[in-house]
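Below is one structure, written out as structure tokens; comments come after it.
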Amino acid sequence: MTDIGAIITSPVISGLIAAALYVATYLSFLRLLRYPRNWILPTLPASLATAGLAAITVAQVSVSSDGLDMTALVVSAGFIAVLFGIIAAPAVDFRPGTRPAIGFLAKHGDYAGLCMLGPALVAGYVVPNVKLQGVLAVAMAIEMAWFLRHRWTGGRRLHPLGDHDLLVLKTQANGDLEGFARRHGIRELVLSDGAVGWLGCGKQTLPCPFNLHLSRLGLNTAPCCREHMKDLCYYVTSCLRDMGAVHWLDGGSLLGAVREDGKLLAWEDDIDISVLLDGDTTWASLVTGIGERGAQDGYFVDVFKKMGYITISYDPPKSWPFRWERNRMRGEIRLDLVAFRHAVSHGQSMLERRLPKGAMPLTESGGYGVPQEIALPTSTINFLGGDFDCPNKPETYLRVLYGDFEEVEYTYVEAVVAETRRQADVAGKAQMQAPMDG
Ligand SMILES: [Zn+2]
């Protein structure tokens with residue numbers, strides 16, 4: 001007769017259980033990272049679930065029939081805390097602003113996890129606890145796989161850089177492109193015989209790390225990323241048209257259409273489209289419609305119900321269990337689809353959304369809104385070479401969002417590099433006497 005109790009408590013099996021618990025904690029934590037990537041606080045149930053799994057993992061490692069292994073408890077809890085801090089850095093870094101420590105970890109995010117290899121080996125050797133060793137081994141295997149995925153550059157394609165991209169790059173690099181690329185770890189930049197190319201991202205590769213390129217270094221959005229944003233814009237718009245949903249370009253996309261003559265802002269990091277929940281278009285029908293089409297056509301769709309928006313990303317959904325590893329990526333080619341509803345605020349007919357946007361005023365019910373007649377009925381505008389739906393009065397709409405929108409503001413670009421590129425843009429405009437290559 002087999003004694004099940006003996007099997008469960010056998011060192012190998014309990015080590016495997018501890019490793020499996022770590023994997024569950026890791027996946028739950030990755031799922032949690034979708035919130036900071038979107039600049040919002042994680043929900044309480046999701047946070048508690050992750051914290052609970054981490055506690056169970058640490059308990060599995062440190063508690064046995066012999067009692068509590070205090071060393072294993074401290075080592076496992078400390079190891080998970082530090083490693084998860086490293087893993088979270090790129091997601092936390094999505095929010096612009098200067099946080100040098102997080103910026104540093106995010107910049108080295110593709111291999112920072114491997115720095116834990118040394119401590120893991122020492123701890124695994126010094127602490128004779130099979131369950132701890134199981135956790136350390138599986139954690140390091142995951143970090144190694146993540147590192148190798150970054151190193152793999154297959155699927156990347158060389159893009160020429162436009163005149164304006166090159167001008168901005170050279171200005172920020174102060175002429176020394178090679179040193180600049182080396183100093184900031186810009187692996188996409190290819191320099192040979194005086195020619196400058198960009199080894200661009202593709203649908204199957206990791207996206208270019210735009211937090212680094214746009215915000216920290218003040219460069220233009222990479223040509224590959226611009227292409228993919230354009231693809232997303234056309235794709236989602238065609239879905240919305242098929243679904244008969246009233247929608248319009250919003251935010252930076254509308255600004256590009258109006259001010260930059262139908263181009264993306266030079267440092268654009270996403271596409272903004274708003275959709276009206278009205279008539280046959282309900283939140284549920286929108287989620288189902290976009291979700292089904294996205295899954296079928298190879299786009300990643302994430303739904304934030306409480307905040308009333310859906311993100312559609314260019315990268316295809318990966319198979320379970322590692323589909324949430326995308327939340328470790330430093331960049332993301334994404335379209336934000338934000339739901340608006342009819343509302344009456346201070347006696348005026350409004351369209352309102354849950355999330356704040358620019359200077360959009362608060363409504364009586366606690367949302368953020370624009371007077372209905374500014375947005376509806378929608379009009380059309382040229383954007384990225386096609387006709388897209390836009391608010392009825394696009395300039396007025398932009399003034400609600402940004403005030404004086406004609407004034408170029410280097411949103412998300414850090415102050416020091418913004419000043420350098422302001423000069424580059426002035427010089428570029430004078431030199432070329434032509435609009436930006438957006
Ligand atoms: Zn790219």
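We label chains A, B, ... in the order they appear in the structure tokens, count residues from 1 in each chain, and number ligands from 1 in the order shown.
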
Shell around A:Gly202 at 8 Å using only C-alpha atoms, local window under 6 positions removed, as JSON, numbers by chain = {"A": [155, 156, 157, 224]}

Residues of stretch 38-106 of chain A within 9 Å of stretch 329-337 of chain A: nearest atom pair and distance (Å, one decimal) for each, counting only C-alpha atoms, sorted by chain and number, as a tab-separated table?
residue	atom	partner	partner_atom	distance
A:Pro90	CA	A:Arg330	CA	5.3
A:Ala91	CA	A:Arg330	CA	7.0
A:Asp93	CA	A:Arg330	CA	8.2
A:Phe94	CA	A:Arg330	CA	7.8
A:Ala106	CA	A:Arg330	CA	7.2

Taking only C-alpha atoms and all ligand atoms into account, which residues are within 10 Å of ligand 1, as a list in words?
->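 Residues satisfying the distance criterion: Arg156, Arg157, His159, Glu188, Trp198, Leu199, Gly200, Cys201, Gly202, Lys203, Thr205, Leu206, Pro207, Cys208, Pro209, Phe210, Thr221, Ala222, Pro223, Cys224, Cys225, Arg226, Glu227, His228, Met229, Gly331, Glu332 and Ile333 of chain A.
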
Write out as a PyMOL selection string all residues of stretch 78-181 of chain A that backbone DSSP assigns to helix (DSSP H, G or I).
-> chain A and resi 78-92+100-107+109-126+130-151+163-172+177-181

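Taking atom CA of A:Asp387 and atom CA of A:Gly256 as endpoints, the distance between them is 13.5 Å.
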
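Rounded to one decimal, atom CA of A:His164 and atom CA of A:Ala424 lie 9.0 Å from each other.
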
Give the answer as one residue: which of A:Leu30, A:Leu217, A:Leu212, A:Ile310 has the shortest atom-to-atom distance to A:Val236, using only C-alpha atoms?
-> A:Ile310

Please provide as a short mmCIF file (atom, residue, chain, number, x, y, z; two decimals) with N, CA, C and O atoms, in the first residue's frame all residues within 10 Å of A:Glu178, with the sequence filter that same-chain residues fewer than 4 positions apart are discarded (counting only C-alpha atoms).
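Ended up saving to around08.cif:
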data_model
loop_
_atom_site.label_atom_id
_atom_site.label_comp_id
_atom_site.auth_asym_id
_atom_site.auth_seq_id
_atom_site.Cartn_x
_atom_site.Cartn_y
_atom_site.Cartn_z
N ALA A 173 22.23 62.86 -29.60
CA ALA A 173 23.49 62.15 -29.42
C ALA A 173 24.68 63.09 -29.50
O ALA A 173 25.82 62.66 -29.34
N ARG A 182 25.70 53.03 -27.50
CA ARG A 182 26.35 52.16 -26.53
C ARG A 182 25.97 52.57 -25.10
O ARG A 182 25.60 51.73 -24.28
N ARG A 183 26.03 53.87 -24.84
CA ARG A 183 25.74 54.38 -23.49
C ARG A 183 24.33 54.02 -23.04
O ARG A 183 24.10 53.68 -21.89
N ILE A 186 20.97 51.12 -26.91
CA ILE A 186 19.97 51.11 -27.99
C ILE A 186 20.39 50.05 -28.99
O ILE A 186 21.14 50.32 -29.92
N LEU A 189 19.69 50.37 -33.05
CA LEU A 189 20.43 51.25 -33.94
C LEU A 189 21.55 50.49 -34.65
O LEU A 189 22.38 49.87 -34.01
N VAL A 190 21.54 50.54 -35.99
CA VAL A 190 22.55 49.82 -36.77
C VAL A 190 23.37 50.84 -37.55
O VAL A 190 22.83 51.58 -38.37
N LEU A 191 24.68 50.87 -37.25
CA LEU A 191 25.54 51.84 -37.92
C LEU A 191 26.58 51.10 -38.73
O LEU A 191 27.32 50.27 -38.21
#

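Residue neighbourhood of A:Ala339, excluding near-sequence residues (fewer than 2 positions): Ser274, Val275, Leu276, Leu277, Trp283, Gly308, Tyr309, Leu337, Arg341 and Arg353 of chain A, at 8 Å, using only C-alpha atoms.
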
Output N, CA and C atoms for every residue in the selection just made, as a CSV table (one decimal), in the first residue's frame.
chain,number,residue,atom,x,y,z
A,274,SER,N,-12.1,57.0,-29.2
A,274,SER,CA,-13.2,56.9,-28.2
A,274,SER,C,-14.4,56.3,-28.9
A,275,VAL,N,-15.3,55.6,-28.1
A,275,VAL,CA,-16.4,55.0,-28.7
A,275,VAL,C,-17.7,55.3,-27.8
A,276,LEU,N,-18.8,55.5,-28.4
A,276,LEU,CA,-20.0,55.9,-27.7
A,276,LEU,C,-20.9,54.7,-27.4
A,277,LEU,N,-21.2,54.5,-26.1
A,277,LEU,CA,-22.1,53.4,-25.8
A,277,LEU,C,-23.5,53.9,-26.0
A,283,TRP,N,-21.6,48.1,-23.5
A,283,TRP,CA,-20.2,47.7,-23.1
A,283,TRP,C,-20.0,46.3,-23.4
A,308,GLY,N,-13.7,51.5,-17.7
A,308,GLY,CA,-14.4,51.7,-19.0
A,308,GLY,C,-13.5,51.9,-20.2
A,309,TYR,N,-12.5,51.1,-20.3
A,309,TYR,CA,-11.7,51.1,-21.5
A,309,TYR,C,-11.1,49.7,-21.9
A,337,LEU,N,-9.0,52.2,-26.4
A,337,LEU,CA,-10.4,52.4,-26.8
A,337,LEU,C,-11.2,52.7,-25.6
A,341,ARG,N,-20.4,57.6,-22.4
A,341,ARG,CA,-21.8,57.5,-22.3
A,341,ARG,C,-22.5,58.8,-22.3
A,353,ARG,N,-16.7,60.0,-19.7
A,353,ARG,CA,-15.9,58.8,-19.6
A,353,ARG,C,-15.5,58.7,-18.2

Identify, on the basis of only C-alpha atoms, every residue whose closest approach to A:Ala137 does not exceed 9 Å; exclude the query and any residue fewer than 6 positions from it along the same chain; express the result as a ChimeraX atom specification.
-> /A:19,120-121,124

Based on the selection just made, write N, CA and C atoms of those residues as a CSV table (one decimal), in the first residue's frame.
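Listing of part.csv after writing:
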chain,number,residue,atom,x,y,z
A,19,ALA,N,7.9,24.8,-6.1
A,19,ALA,CA,8.2,25.4,-7.4
A,19,ALA,C,6.9,25.7,-8.1
A,120,ALA,N,20.9,33.3,-5.6
A,120,ALA,CA,20.1,32.1,-5.6
A,120,ALA,C,21.0,30.9,-5.5
A,121,LEU,N,22.2,30.9,-6.2
A,121,LEU,CA,23.1,29.8,-6.1
A,121,LEU,C,23.7,29.6,-4.6
A,124,GLY,N,20.8,28.5,-2.3
A,124,GLY,CA,20.5,27.1,-2.5
A,124,GLY,C,21.6,26.2,-1.9
